[in-house]
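coords-v3.cif (mmCIF, C-alpha atoms) appears below.
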data_protein
loop_
_atom_site.label_atom_id
_atom_site.label_comp_id
_atom_site.auth_asym_id
_atom_site.auth_seq_id
_atom_site.Cartn_x
_atom_site.Cartn_y
_atom_site.Cartn_z
CA MET A 447 0.00 0.00 0.00
CA PHE A 448 2.92 2.34 0.67
CA VAL A 449 3.82 2.07 -2.99
CA THR A 450 0.39 3.30 -3.95
CA SER A 451 0.50 6.34 -1.71
CA ALA A 452 4.04 7.16 -2.80
CA PHE A 453 3.02 7.04 -6.39
CA ALA A 454 -0.06 9.09 -5.75
CA GLN A 455 2.11 11.93 -4.56
CA GLU A 456 4.40 11.72 -7.52
CA SER A 457 1.81 11.34 -10.19
CA ALA A 458 -0.54 13.99 -8.89
CA PRO A 459 1.06 16.81 -10.87
CA ALA A 460 1.50 14.66 -13.95
CA VAL A 461 -2.17 13.80 -14.30
CA GLU A 462 -3.42 17.26 -13.55
CA GLY A 463 -4.15 17.96 -17.20
CA ALA A 464 -6.19 14.80 -17.68
CA GLY A 465 -7.77 15.30 -14.28
CA THR A 466 -9.27 18.67 -15.05
CA GLU A 467 -10.96 17.22 -18.06
CA GLY A 468 -12.19 14.24 -16.04
CA GLN A 469 -13.55 16.54 -13.36
CA THR A 470 -15.78 18.41 -15.76
CA HIS A 471 -17.53 15.15 -16.62
CA SER A 472 -17.46 13.00 -13.49
CA GLY A 473 -16.62 15.63 -10.95
CA THR A 474 -17.03 13.34 -7.93
CA SER A 475 -13.71 11.48 -7.71
CA ALA A 476 -10.52 13.42 -7.17
CA PRO A 477 -8.06 12.76 -10.01
CA ALA A 478 -5.14 12.02 -7.72
CA GLU A 479 -7.16 9.38 -5.90
CA ALA A 480 -8.53 7.75 -9.04
CA HIS A 481 -5.14 7.51 -10.70
CA GLY A 482 -3.35 6.65 -7.50
CA ALA A 483 -5.13 3.30 -7.24
CA PHE A 484 -3.25 0.17 -8.21
CA PRO A 485 -3.44 0.62 -12.01
CA PRO A 486 -4.86 -2.78 -13.00
CA PHE A 487 -7.72 -2.27 -10.53
CA ASP A 488 -8.42 1.35 -11.48
CA PRO A 489 -12.05 1.37 -12.71
CA ALA A 490 -11.52 4.67 -14.53
CA THR A 491 -9.60 2.85 -17.23
CA PHE A 492 -12.12 0.02 -17.66
CA PRO A 493 -14.44 1.52 -20.32
CA SER A 494 -11.60 2.56 -22.58
CA GLN A 495 -9.79 -0.78 -22.25
CA LEU A 496 -12.94 -2.78 -22.85
CA LEU A 497 -13.84 -0.70 -25.90
CA TRP A 498 -10.43 -1.01 -27.47
CA LEU A 499 -10.23 -4.69 -26.59
CA ALA A 500 -13.57 -5.21 -28.35
CA ILE A 501 -12.43 -3.27 -31.41
CA THR A 502 -8.98 -4.84 -31.73
CA PHE A 503 -10.01 -8.39 -30.84
CA GLY A 504 -13.07 -8.17 -33.07
CA LEU A 505 -10.98 -7.09 -36.05
CA PHE A 506 -8.39 -9.73 -35.24
CA TYR A 507 -11.08 -12.43 -35.10
CA LEU A 508 -12.56 -11.36 -38.42
CA PHE A 509 -9.17 -11.17 -40.10
CA LEU A 510 -8.16 -14.62 -38.88
CA LYS A 511 -11.51 -16.15 -39.78
CA ARG A 512 -11.78 -14.62 -43.24
CA VAL A 513 -8.19 -14.50 -44.43
CA VAL A 514 -5.62 -16.37 -42.39
CA MET A 515 -7.38 -19.56 -41.42
CA PRO A 516 -8.74 -20.48 -44.86
CA ARG A 517 -5.26 -19.93 -46.20
CA VAL A 518 -3.40 -22.01 -43.60
CA GLY A 519 -6.10 -24.68 -43.71
CA GLY A 520 -5.80 -24.71 -47.50
CA ILE A 521 -2.04 -25.12 -47.37
CA ILE A 522 -2.32 -28.03 -44.96
CA ASP A 523 -5.12 -29.70 -46.94
CA VAL A 524 -3.21 -29.42 -50.19
CA ARG A 525 -0.17 -30.93 -48.55
CA ASN A 526 -2.14 -33.79 -47.05
CA ASP A 527 -3.79 -34.48 -50.41
CA ARG A 528 -0.43 -34.46 -52.08
CA ILE A 529 1.02 -36.87 -49.53
CA THR A 530 -1.92 -39.30 -49.90
CA GLN A 531 -1.59 -39.07 -53.65
CA ASP A 532 2.13 -39.79 -53.53
CA LEU A 533 1.57 -42.70 -51.17
CA ASP A 534 -1.08 -44.12 -53.51
CA HIS A 535 1.29 -43.74 -56.42
CA ALA A 536 4.07 -45.49 -54.53
CA ASP A 537 1.66 -48.27 -53.56
CA ARG A 538 0.60 -48.74 -57.18
CA LEU A 539 4.21 -48.88 -58.35
CA LYS A 540 5.00 -51.44 -55.67
CA LYS A 541 2.11 -53.61 -56.81
CA GLU A 542 3.32 -53.38 -60.38
CA ALA A 543 6.80 -54.40 -59.34
CA ASP A 544 5.40 -57.35 -57.37
CA ALA A 545 3.38 -58.45 -60.39
CA ALA A 546 6.47 -58.26 -62.58
CA VAL A 547 8.43 -60.39 -60.13
CA ALA A 548 5.62 -62.97 -60.01
CA ALA A 549 5.43 -63.09 -63.83
CA TYR A 550 9.18 -63.53 -64.04
CA GLU A 551 9.12 -66.41 -61.58
CA GLN A 552 6.26 -68.06 -63.40
CA GLU A 553 8.19 -67.82 -66.66
CA LEU A 554 11.27 -69.20 -65.01
CA VAL A 555 9.36 -72.24 -63.76
CA GLU A 556 7.88 -72.84 -67.20
CA ALA A 557 11.25 -72.51 -68.88
CA LYS A 558 12.76 -75.02 -66.47
CA ALA A 559 9.98 -77.51 -67.18
CA ARG A 560 10.44 -77.04 -70.90
CA ALA A 561 14.18 -77.56 -70.61
CA ASN A 562 13.55 -80.77 -68.67
CA THR A 563 11.24 -82.23 -71.31
CA ILE A 564 13.65 -81.33 -74.09
CA GLY A 565 16.48 -83.01 -72.24
CA GLN A 566 14.37 -86.10 -71.60
CA GLN A 567 13.36 -86.36 -75.24
CA ALA A 568 16.95 -86.05 -76.40
CA ASN A 569 17.99 -88.70 -73.92
CA ASP A 570 15.25 -91.09 -75.07
CA ALA A 571 16.05 -90.54 -78.74
CA ALA A 572 19.73 -91.20 -78.17
CA LYS A 573 18.95 -94.38 -76.27
CA ALA A 574 16.62 -95.64 -78.99
CA GLU A 575 19.20 -94.95 -81.69
CA ALA A 576 21.91 -96.75 -79.77
CA GLU A 577 19.61 -99.72 -79.25
CA ALA A 578 18.74 -99.87 -82.97
CA ALA A 579 22.41 -99.69 -83.96
CA ARG A 580 23.27 -102.46 -81.52
CA LYS A 581 20.52 -104.70 -82.82
CA LYS A 582 21.61 -104.17 -86.39
CA VAL A 583 25.21 -105.04 -85.59
CA GLU A 584 24.09 -108.15 -83.71
CA ALA A 585 21.95 -109.30 -86.61
CA GLU A 586 24.85 -108.87 -89.01
CA LEU A 587 27.13 -110.78 -86.72
CA ASP A 588 24.57 -113.61 -86.38
CA GLN A 589 24.29 -113.82 -90.14
CA LYS A 590 28.06 -113.93 -90.62
CA LEU A 591 28.32 -116.61 -87.91
CA GLY A 592 25.71 -118.74 -89.68
CA GLU A 593 27.49 -118.39 -93.00
CA ALA A 594 30.79 -119.31 -91.45
CA GLU A 595 29.30 -122.36 -89.78
CA ALA A 596 27.72 -123.51 -93.05
CA ARG A 597 31.03 -123.17 -94.86
CA ILE A 598 32.83 -125.06 -92.14
CA SER A 599 30.33 -127.91 -92.28
CA SER A 600 30.56 -128.11 -96.12
CA ILE A 601 34.35 -128.04 -95.93
CA LYS A 602 34.18 -130.73 -93.32
CA ALA A 603 31.86 -132.88 -95.41
CA SER A 604 34.07 -132.59 -98.49
CA ALA A 605 37.13 -133.29 -96.40
CA MET A 606 35.50 -136.39 -94.96
CA LYS A 607 34.63 -137.51 -98.47
CA GLU A 608 38.23 -137.09 -99.51
CA VAL A 609 39.35 -139.03 -96.45
CA GLY A 610 37.45 -142.11 -97.83
CA THR A 611 39.18 -142.02 -101.21
CA ILE A 612 42.56 -141.44 -99.63
CA ALA A 613 41.99 -144.43 -97.34
CA GLU A 614 40.89 -146.61 -100.31
CA ASP A 615 43.94 -145.51 -102.30
CA THR A 616 46.21 -146.11 -99.33
CA ALA A 617 44.56 -149.49 -98.59
CA SER A 618 44.84 -150.65 -102.22
CA ALA A 619 48.46 -149.51 -102.34
CA ILE A 620 49.18 -151.43 -99.11
CA VAL A 621 47.35 -154.49 -100.40
CA GLU A 622 49.27 -154.37 -103.67
CA ALA A 623 52.53 -154.08 -101.87
CA LEU A 624 51.68 -156.91 -99.46
CA VAL A 625 49.78 -159.29 -101.64
CA GLY A 626 50.96 -158.22 -105.05
CA GLY A 627 48.60 -157.95 -107.86
CA LYS A 628 45.56 -155.85 -108.17
CA ALA A 629 42.96 -155.83 -105.45
CA ASN A 630 39.29 -155.56 -106.04
CA LYS A 631 38.29 -151.90 -105.80
CA ALA A 632 34.80 -152.65 -104.57
CA GLU A 633 36.02 -154.87 -101.76
CA ILE A 634 38.51 -152.33 -100.58
CA ALA A 635 35.88 -149.56 -100.55
CA ALA A 636 33.53 -151.81 -98.51
CA ALA A 637 36.32 -152.66 -96.09
CA VAL A 638 37.29 -149.00 -95.62
CA LYS A 639 33.66 -148.13 -95.06
CA SER A 640 33.22 -150.77 -92.38
CA VAL A 641 36.40 -149.57 -90.64
CA ALA A 642 35.44 -145.91 -90.85
CA ARG A 643 32.12 -146.64 -89.26
CA MET B 372 12.89 10.42 -10.32
CA ALA B 373 15.21 7.63 -9.16
CA ALA B 374 12.44 6.19 -7.02
CA ASP B 375 10.10 6.40 -9.97
CA LYS B 376 12.44 4.29 -12.11
CA VAL B 377 12.56 1.50 -9.56
CA ASP B 378 8.84 1.64 -8.87
CA PRO B 379 7.67 -1.81 -10.02
CA ILE B 380 4.08 -0.62 -10.51
CA HIS B 381 5.01 2.16 -12.89
CA GLN B 382 4.96 -0.18 -15.90
CA PHE B 383 1.26 -0.88 -15.44
CA HIS B 384 0.12 2.73 -15.64
CA ILE B 385 -2.36 3.70 -18.27
CA VAL B 386 -1.40 6.82 -20.16
CA LYS B 387 -3.87 8.60 -22.39
CA LEU B 388 -2.48 9.14 -25.86
CA ILE B 389 -5.58 10.47 -27.60
CA PRO B 390 -8.25 11.56 -25.12
CA ILE B 391 -11.74 10.58 -26.24
CA ASN B 392 -14.80 11.22 -24.13
CA ILE B 393 -18.23 10.03 -25.18
CA GLY B 394 -21.33 10.36 -23.01
CA GLY B 395 -19.36 10.77 -19.82
CA TYR B 396 -17.29 7.65 -20.47
CA ASP B 397 -13.56 7.94 -20.82
CA LEU B 398 -12.85 6.00 -24.02
CA SER B 399 -9.40 7.45 -24.65
CA PHE B 400 -6.88 5.76 -26.89
CA THR B 401 -4.31 4.81 -24.25
CA ASN B 402 -1.00 3.00 -24.22
CA SER B 403 -3.02 -0.13 -23.43
CA ALA B 404 -5.10 0.38 -26.58
CA LEU B 405 -1.93 1.07 -28.54
CA PHE B 406 -0.48 -2.27 -27.48
CA MET B 407 -3.72 -4.06 -28.26
CA VAL B 408 -3.43 -2.64 -31.75
CA ALA B 409 0.24 -3.62 -31.84
CA THR B 410 -0.61 -7.16 -30.68
CA VAL B 411 -3.23 -7.57 -33.36
CA ALA B 412 -1.00 -6.01 -36.00
CA VAL B 413 2.00 -8.17 -35.14
CA ALA B 414 -0.01 -11.39 -34.93
CA SER B 415 -1.94 -10.67 -38.14
CA ALA B 416 1.14 -9.60 -40.05
CA PHE B 417 3.09 -12.65 -38.93
CA LEU B 418 0.33 -15.11 -39.83
CA TYR B 419 -0.42 -13.33 -43.09
CA LEU B 420 3.11 -12.77 -44.35
CA THR B 421 4.60 -16.13 -43.38
CA THR B 422 1.90 -18.01 -45.24
CA SER B 423 1.84 -15.77 -48.31
CA SER B 424 4.02 -18.08 -50.39
CA ARG B 425 1.72 -21.08 -49.67
CA SER B 426 4.70 -23.40 -50.09
CA LEU B 427 4.07 -27.10 -50.19
CA VAL B 428 7.29 -27.57 -48.26
CA PRO B 429 7.11 -24.84 -45.61
CA GLY B 430 9.96 -22.60 -44.61
CA ARG B 431 10.79 -21.96 -40.97
CA LEU B 432 8.35 -19.12 -40.39
CA GLN B 433 5.55 -20.78 -42.33
CA SER B 434 6.11 -23.87 -40.15
CA VAL B 435 5.61 -21.72 -37.07
CA SER B 436 2.27 -20.45 -38.36
CA GLU B 437 1.18 -23.94 -39.35
CA MET B 438 2.32 -25.33 -36.02
CA ALA B 439 0.24 -22.78 -34.14
CA TYR B 440 -2.74 -23.59 -36.36
CA GLU B 441 -2.47 -27.35 -35.93
CA PHE B 442 -1.62 -27.03 -32.25
CA VAL B 443 -4.87 -25.19 -31.51
CA SER B 444 -6.78 -27.41 -33.90
CA ASN B 445 -5.64 -30.59 -32.13
CA MET B 446 -6.24 -29.02 -28.73
CA LEU B 447 -9.81 -28.17 -29.66
CA ARG B 448 -10.50 -31.54 -31.27
CA ASP B 449 -9.15 -33.40 -28.23
CA ALA B 450 -11.19 -31.38 -25.78
CA ALA B 451 -14.46 -30.81 -27.63
CA GLY B 452 -14.49 -33.33 -30.49
CA THR B 453 -14.98 -32.64 -34.18
CA GLN B 454 -18.10 -30.60 -33.44
CA GLY B 455 -15.94 -28.15 -31.54
CA LEU B 456 -14.17 -27.12 -34.74
CA LYS B 457 -16.88 -24.52 -35.45
CA PHE B 458 -15.26 -22.54 -32.62
CA PHE B 459 -11.81 -22.97 -34.10
CA PRO B 460 -11.45 -19.36 -35.36
CA PHE B 461 -12.52 -18.10 -31.95
CA VAL B 462 -10.10 -20.26 -29.96
CA PHE B 463 -7.28 -19.62 -32.41
CA SER B 464 -7.81 -15.84 -32.17
CA LEU B 465 -7.85 -16.02 -28.39
CA PHE B 466 -4.70 -18.12 -28.26
CA MET B 467 -2.79 -15.91 -30.70
CA PHE B 468 -3.99 -12.70 -29.06
CA VAL B 469 -2.99 -13.76 -25.55
CA LEU B 470 0.28 -15.31 -26.72
CA VAL B 471 1.41 -12.28 -28.72
CA ALA B 472 0.25 -9.85 -26.02
CA ASN B 473 2.24 -11.81 -23.42
CA LEU B 474 5.32 -12.00 -25.61
CA LEU B 475 5.21 -8.31 -26.58
CA GLY B 476 4.98 -7.42 -22.90
CA LEU B 477 8.39 -9.00 -22.33
CA PHE B 478 10.14 -6.27 -24.30
CA PRO B 479 11.56 -3.50 -22.10
CA TYR B 480 9.39 -0.35 -21.97
CA PHE B 481 6.50 -2.22 -23.59
CA PHE B 482 3.09 -2.31 -21.98
CA THR B 483 1.64 -5.72 -21.13
CA VAL B 484 -2.00 -5.77 -22.18
CA THR B 485 -2.75 -8.99 -20.30
CA SER B 486 -1.48 -7.58 -17.02
CA HIS B 487 -4.74 -5.67 -16.66
CA ILE B 488 -7.55 -7.67 -15.15
CA ILE B 489 -10.22 -5.89 -17.13
CA VAL B 490 -8.65 -7.14 -20.37
CA THR B 491 -8.35 -10.74 -19.23
CA PHE B 492 -11.80 -10.53 -17.70
CA GLY B 493 -13.17 -9.20 -20.98
CA LEU B 494 -11.73 -12.21 -22.81
CA ALA B 495 -12.96 -14.63 -20.15
CA ALA B 496 -16.43 -13.08 -20.21
CA LEU B 497 -16.44 -13.48 -23.97
CA VAL B 498 -15.64 -17.19 -23.57
CA ILE B 499 -18.28 -17.81 -20.92
CA GLY B 500 -20.79 -15.67 -22.84
CA THR B 501 -20.20 -17.79 -25.92
CA VAL B 502 -20.64 -20.96 -23.86
CA ILE B 503 -23.92 -19.78 -22.34
CA VAL B 504 -25.40 -18.34 -25.53
CA TYR B 505 -24.43 -21.30 -27.67
CA GLY B 506 -25.44 -23.78 -24.98
CA PHE B 507 -28.96 -22.37 -24.69
CA MET B 508 -29.26 -21.93 -28.46
CA LYS B 509 -28.37 -25.50 -29.17
CA HIS B 510 -29.87 -27.35 -26.23
CA GLY B 511 -32.46 -24.92 -24.87
CA VAL B 512 -33.33 -25.73 -21.29
CA GLY B 513 -31.39 -29.00 -21.72
CA PHE B 514 -28.23 -26.94 -21.27
CA LEU B 515 -29.07 -26.79 -17.55
CA LYS B 516 -28.31 -30.53 -17.38
CA LEU B 517 -24.73 -29.28 -17.16
CA PHE B 518 -25.42 -28.61 -13.48
CA VAL B 519 -26.98 -32.04 -12.83
CA PRO B 520 -24.38 -34.79 -13.12
CA HIS B 521 -25.48 -38.35 -13.81
CA GLY B 522 -25.65 -41.01 -11.14
CA VAL B 523 -25.87 -38.74 -8.11
CA PRO B 524 -28.20 -39.86 -5.27
CA VAL B 525 -31.33 -37.70 -5.07
CA PHE B 526 -30.70 -36.51 -1.50
CA LEU B 527 -27.26 -35.22 -2.55
CA LEU B 528 -28.57 -33.50 -5.67
CA PRO B 529 -29.26 -30.01 -4.23
CA LEU B 530 -25.75 -29.86 -2.79
CA VAL B 531 -24.12 -31.11 -5.99
CA VAL B 532 -26.12 -28.69 -8.15
CA LEU B 533 -25.12 -25.84 -5.85
CA ILE B 534 -21.46 -26.80 -6.16
CA GLU B 535 -21.74 -27.11 -9.94
CA VAL B 536 -23.35 -23.69 -10.22
CA ILE B 537 -20.68 -22.09 -8.05
CA SER B 538 -17.94 -23.77 -10.07
CA PHE B 539 -19.53 -22.54 -13.30
CA VAL B 540 -19.87 -18.99 -12.02
CA SER B 541 -16.29 -18.93 -10.78
CA ARG B 542 -14.96 -19.97 -14.18
CA PRO B 543 -14.68 -16.50 -15.74
CA VAL B 544 -13.09 -15.24 -12.54
CA SER B 545 -10.49 -18.00 -12.35
CA LEU B 546 -9.83 -17.82 -16.08
CA SER B 547 -9.17 -14.09 -16.00
CA VAL B 548 -7.37 -13.91 -12.65
CA ARG B 549 -4.99 -16.76 -13.57
CA LEU B 550 -3.69 -14.98 -16.66
CA PHE B 551 -3.70 -11.51 -15.11
CA ALA B 552 -1.94 -12.56 -11.89
CA ASN B 553 0.71 -14.54 -13.73
CA MET B 554 1.62 -11.65 -15.98
CA LEU B 555 1.44 -9.07 -13.20
CA ALA B 556 3.53 -11.04 -10.74
CA GLY B 557 6.10 -11.96 -13.35
CA HIS B 558 6.58 -8.39 -14.49
CA ILE B 559 6.76 -7.03 -10.94
CA THR B 560 9.40 -9.62 -10.02
CA LEU B 561 11.43 -8.81 -13.11
CA LYS B 562 11.22 -5.11 -12.35
CA VAL B 563 12.22 -5.60 -8.69
CA PHE B 564 15.31 -7.61 -9.57
CA SER B 565 16.28 -5.21 -12.33
CA GLY B 566 15.77 -2.38 -9.83
CA PHE B 567 18.23 -4.09 -7.45
CA VAL B 568 20.83 -4.08 -10.20
CA VAL B 569 20.41 -0.34 -10.71
CA SER B 570 20.40 0.56 -7.01
CA LEU B 571 23.38 -1.66 -6.18
CA SER B 572 25.51 -0.38 -9.06
CA ALA B 573 25.02 3.13 -7.72
CA LEU B 574 26.89 2.11 -4.53
CA GLY B 575 30.31 1.87 -6.21
CA ALA B 576 32.64 -1.06 -6.97
CA VAL B 577 31.28 -3.36 -4.26
CA GLY B 578 27.78 -2.66 -5.40
CA VAL B 579 28.58 -3.45 -9.02
CA ALA B 580 30.10 -6.78 -7.95
CA GLY B 581 27.09 -7.49 -5.76
CA SER B 582 24.65 -6.65 -8.53
CA ILE B 583 25.76 -9.69 -10.54
CA LEU B 584 23.46 -11.92 -8.49
CA PRO B 585 20.22 -10.00 -9.14
CA LEU B 586 21.31 -9.58 -12.77
CA ALA B 587 21.60 -13.35 -13.12
CA MET B 588 18.20 -13.66 -11.46
CA ALA B 589 16.73 -11.16 -13.92
CA VAL B 590 18.12 -13.14 -16.86
CA ALA B 591 16.75 -16.40 -15.47
CA LEU B 592 13.40 -14.78 -14.74
CA THR B 593 13.20 -13.49 -18.31
CA ALA B 594 13.56 -17.06 -19.55
CA LEU B 595 10.92 -18.16 -17.06
CA GLU B 596 8.60 -15.37 -18.16
CA LEU B 597 8.99 -16.48 -21.76
CA LEU B 598 7.80 -19.91 -20.70
CA VAL B 599 4.98 -18.44 -18.63
CA ALA B 600 3.89 -16.26 -21.57
CA PHE B 601 3.45 -19.33 -23.72
CA LEU B 602 2.08 -21.52 -20.94
CA GLN B 603 -0.60 -19.05 -19.92
CA ALA B 604 -1.76 -18.61 -23.51
CA TYR B 605 -1.93 -22.40 -23.75
CA VAL B 606 -3.81 -22.74 -20.48
CA PHE B 607 -6.25 -20.04 -21.49
CA ALA B 608 -6.93 -21.78 -24.79
CA VAL B 609 -7.22 -25.26 -23.24
CA LEU B 610 -9.70 -24.09 -20.63
CA THR B 611 -11.67 -22.30 -23.35
CA CYS B 612 -11.82 -25.58 -25.26
CA MET B 613 -13.05 -27.44 -22.19
CA TYR B 614 -15.75 -24.86 -21.46
CA LEU B 615 -16.86 -24.96 -25.09
CA ASN B 616 -17.08 -28.73 -24.73
CA ASP B 617 -19.63 -28.15 -21.96
CA ALA B 618 -21.67 -26.02 -24.33
CA LEU B 619 -21.57 -28.74 -26.98
CA HIS B 620 -22.15 -31.75 -24.71
CA PRO B 621 -23.81 -30.56 -21.49
CA GLY B 622 -25.07 -34.03 -20.52
CA HIS B 623 -22.02 -35.19 -18.55
#
Take the structure in the file and write it out as C-alpha cells.
Amino acid sequence: MFVTSAFAQESAPAVEGAGTEGQTHSGTSAPAEAHGAFPPFDPATFPSQLLWLAITFGLFYLFLKRVVMPRVGGIIDVRNDRITQDLDHADRLKKEADAAVAAYEQELVEAKARANTIGQQANDAAKAEAEAARKKVEAELDQKLGEAEARISSIKASAMKEVGTIAEDTASAIVEALVGGKANKAEIAAAVKSVAR
Amino acid sequence: MAADKVDPIHQFHIVKLIPINIGGYDLSFTNSALFMVATVAVASAFLYLTTSSRSLVPGRLQSVSEMAYEFVSNMLRDAAGTQGLKFFPFVFSLFMFVLVANLLGLFPYFFTVTSHIIVTFGLAALVIGTVIVYGFMKHGVGFLKLFVPHGVPVFLLPLVVLIEVISFVSRPVSLSVRLFANMLAGHITLKVFSGFVVSLSALGAVGVAGSILPLAMAVALTALELLVAFLQAYVFAVLTCMYLNDALHPGH
C-alpha cells in the first residue's frame, strides 16, 4: 500500500491535465485518488480498455476467420492431399513391381519344365538310336556266324569224303605191296567203309 | 525520479495518448489500446506474411504459423471433439492474441495488455458468454443438465447442483485472474530484480560486484517469463476448449 500512496504523490502533478478534463464530466472522484489506485484495478480505465479490446479483438477475429485460417487450412489440406496421392502412387508402383516379379518367376518355372522335357526327349532318342544300332550289328554278326558255320560244315563234309578215297587208295596200295597184284576196288571200298564206321 | 524508475508498478500505468470522451465515459486511446493494436497487428502480419508463399514444403516461419494452427486445432479436437471445430477461429484468435500480447509485454518499456484484469476478464467473459449463448441456443433448457451430473443420489442432488453452479460462475473469474496474476507477478518480479541491479551499481565497486546476483536472477526470470507467456496462452486456450465442450455436450 505504501507504494500506492508514494506514487499518488508523484503522479498527482503529472495527471493534472487529464484530471481537469475528467472533473468536468465526473466531478465526484478526485483525479489524484482515481489515478493513484493500483493501475490494473483502477475502474476509470475500464471503459476505454474494454472498448479497445472489443475493437482490436473483433478485427483480429474477423481477419483470422476470413483471411488467415482459410489460407493455412488450404495449405495443410493441399499438402495432405499431395502426400496421400504420392503414397497411392508409390503403392501402385509397388504392386506393379510385385506383379512383374511374379510373372518372371512363373516364366522361369515354365522354362525349367520345358528344358527338362527337351532333355528327356533327347535322352530317349539317343537311347533308342543306340539300341537300334546295336541290334543291327548283332543281326549282321549272327548272319556272318551262320554263313561261317555252313562253310565249315561243307568243308568238313568234303574233307571227310576225300578221307574215304585217300583211305581206299592207301589201302589198295598197301594191299598191292603186301599181296601183289591188283585188289578188287569194290572190296577195298567196302572194307574202308566198315572200318570208318 | 530515481524512485520512480525503480517503482515496479510504474509499468502498469495507463497513459492517455488520444483523449476521447463520449457520453461521460472515458474511451481514450491509451498505451493499453496502442499495445492491443500492436498485438493484433504483429499477430496478423506474422500469420499473413509467413503463409503468403503457400509453399508445399514450408519454410521456418511458415512452419511456425502452421504449427500454431495445428496445435490449436488438435487441442480443440481433443477437448471438444470434431463438433468443436466450429469454434476454431474463436479459440485460435484467443490463443494468438494472448500469446502475442504476453510476448510483446516481455520487451523493455513495452506495456503488457494482459497484465490488466479488465482485459483478461473481458476475454474470459467473452468465452463464458459464448458458452452460455451457444449452450442455450443448441440445447435450450437442456443446457441446464450441465449442473446435474449423472448417477448422483437424489438426496445429494441439491448440494451437488449448488457446487456445480458455483464452479460454473467462478470460471470467468479463475480464467481471467490466472492470466492476469501470472503476468502481473512476473513483471513485478522482473522489475524488482532489475531495480536491485540499478540501485546496487550506484553504490560503487562493491555494489557493481554485488549486482551480478540480481542480474543473473533477472536473466533467469526473463527465460521463465517467456515460458509463462506461452504456458498461460496455452492454459487459457485449453480451458476455453473445455468450457466450449460443456456447451456442446452438457449431458455429462
Q: Dump as an MDAnalysis selection string the residues of chain A that approach chain B to within 9 Å, counting all atoms listed in the file.
A: chainID A and resid 449:450 453 456 464 468 471:472 481 484:487 489:500 502:503 505:511 513:515 517:522 524:525 528
Q: Please measure the separation of CA of Thr611 in chain B and CA of Ala472 in chain B, giving the value in Å to one decimal.
A: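 Distance reported for this atom pair: 17.4 Å.
Across the model, the gap from CA of Asn553 in chain B to CA of Val471 in chain B is 15.2 Å.
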Q.
Please expand the PyMOL selection byres ((chain B and resi 478) around 12) into the concrete residues it hits in this file, giving the result as a list of chain:residue names.
A.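 This file, filtered by the PyMOL selection byres ((chain B and resi 478) around 12), leaves B:Gln382, B:Phe406, B:Val471, B:Ala472, B:Asn473, B:Leu474, B:Leu475, B:Gly476, B:Leu477, B:Pro479, B:Tyr480, B:Phe481, B:Phe482, B:Thr483, B:His558, B:Leu561, B:Thr593, B:Glu596, B:Leu597.
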Write a file of the just-selected residues containing C-alpha atoms, as a CSV table (one decimal), keeping the file's coordinate frame.
chain,number,residue,atom,x,y,z
B,382,GLN,CA,5.0,-0.2,-15.9
B,406,PHE,CA,-0.5,-2.3,-27.5
B,471,VAL,CA,1.4,-12.3,-28.7
B,472,ALA,CA,0.2,-9.8,-26.0
B,473,ASN,CA,2.2,-11.8,-23.4
B,474,LEU,CA,5.3,-12.0,-25.6
B,475,LEU,CA,5.2,-8.3,-26.6
B,476,GLY,CA,5.0,-7.4,-22.9
B,477,LEU,CA,8.4,-9.0,-22.3
B,479,PRO,CA,11.6,-3.5,-22.1
B,480,TYR,CA,9.4,-0.4,-22.0
B,481,PHE,CA,6.5,-2.2,-23.6
B,482,PHE,CA,3.1,-2.3,-22.0
B,483,THR,CA,1.6,-5.7,-21.1
B,558,HIS,CA,6.6,-8.4,-14.5
B,561,LEU,CA,11.4,-8.8,-13.1
B,593,THR,CA,13.2,-13.5,-18.3
B,596,GLU,CA,8.6,-15.4,-18.2
B,597,LEU,CA,9.0,-16.5,-21.8
**Q.** Selection result of the PyMOL selection byres ((chain B and resi 542) around 12) on this file, as JSON, numbers by chain
**A.** {"B": [492, 495, 496, 497, 498, 499, 500, 502, 535, 536, 537, 538, 539, 540, 541, 543, 544, 545, 546, 547, 548, 549, 607, 610, 611, 613, 614]}
Q: Tell me, in Å to one decimal, how far CA of Leu615 in chain B is from CA of Asn526 in chain A.
A: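 One can read the CA of Leu615 in chain B to CA of Asn526 in chain A distance as 27.9 Å.
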Q. Smallest atom-to-atom distance to Ser570 in chain B: which of B:Leu527, B:Leu619, B:Leu586, B:Ala552, using all atoms listed in the file?
A. B:Leu586
Q) On this structure, which residues satisfy the PyMOL selection byres ((chain A and resi 634) around 12), written as a ChimeraX atom specification? A) /A:610-622,628-633,635-641
Q: Within 7 Å of Phe466 in chain B, counting only C-alpha atoms, which residues show up once you throw out same-chain ones fewer than 3 positions away? Write them as a PyMOL selection string, please.
A: chain B and resi 462-463+469-470+604-605+608
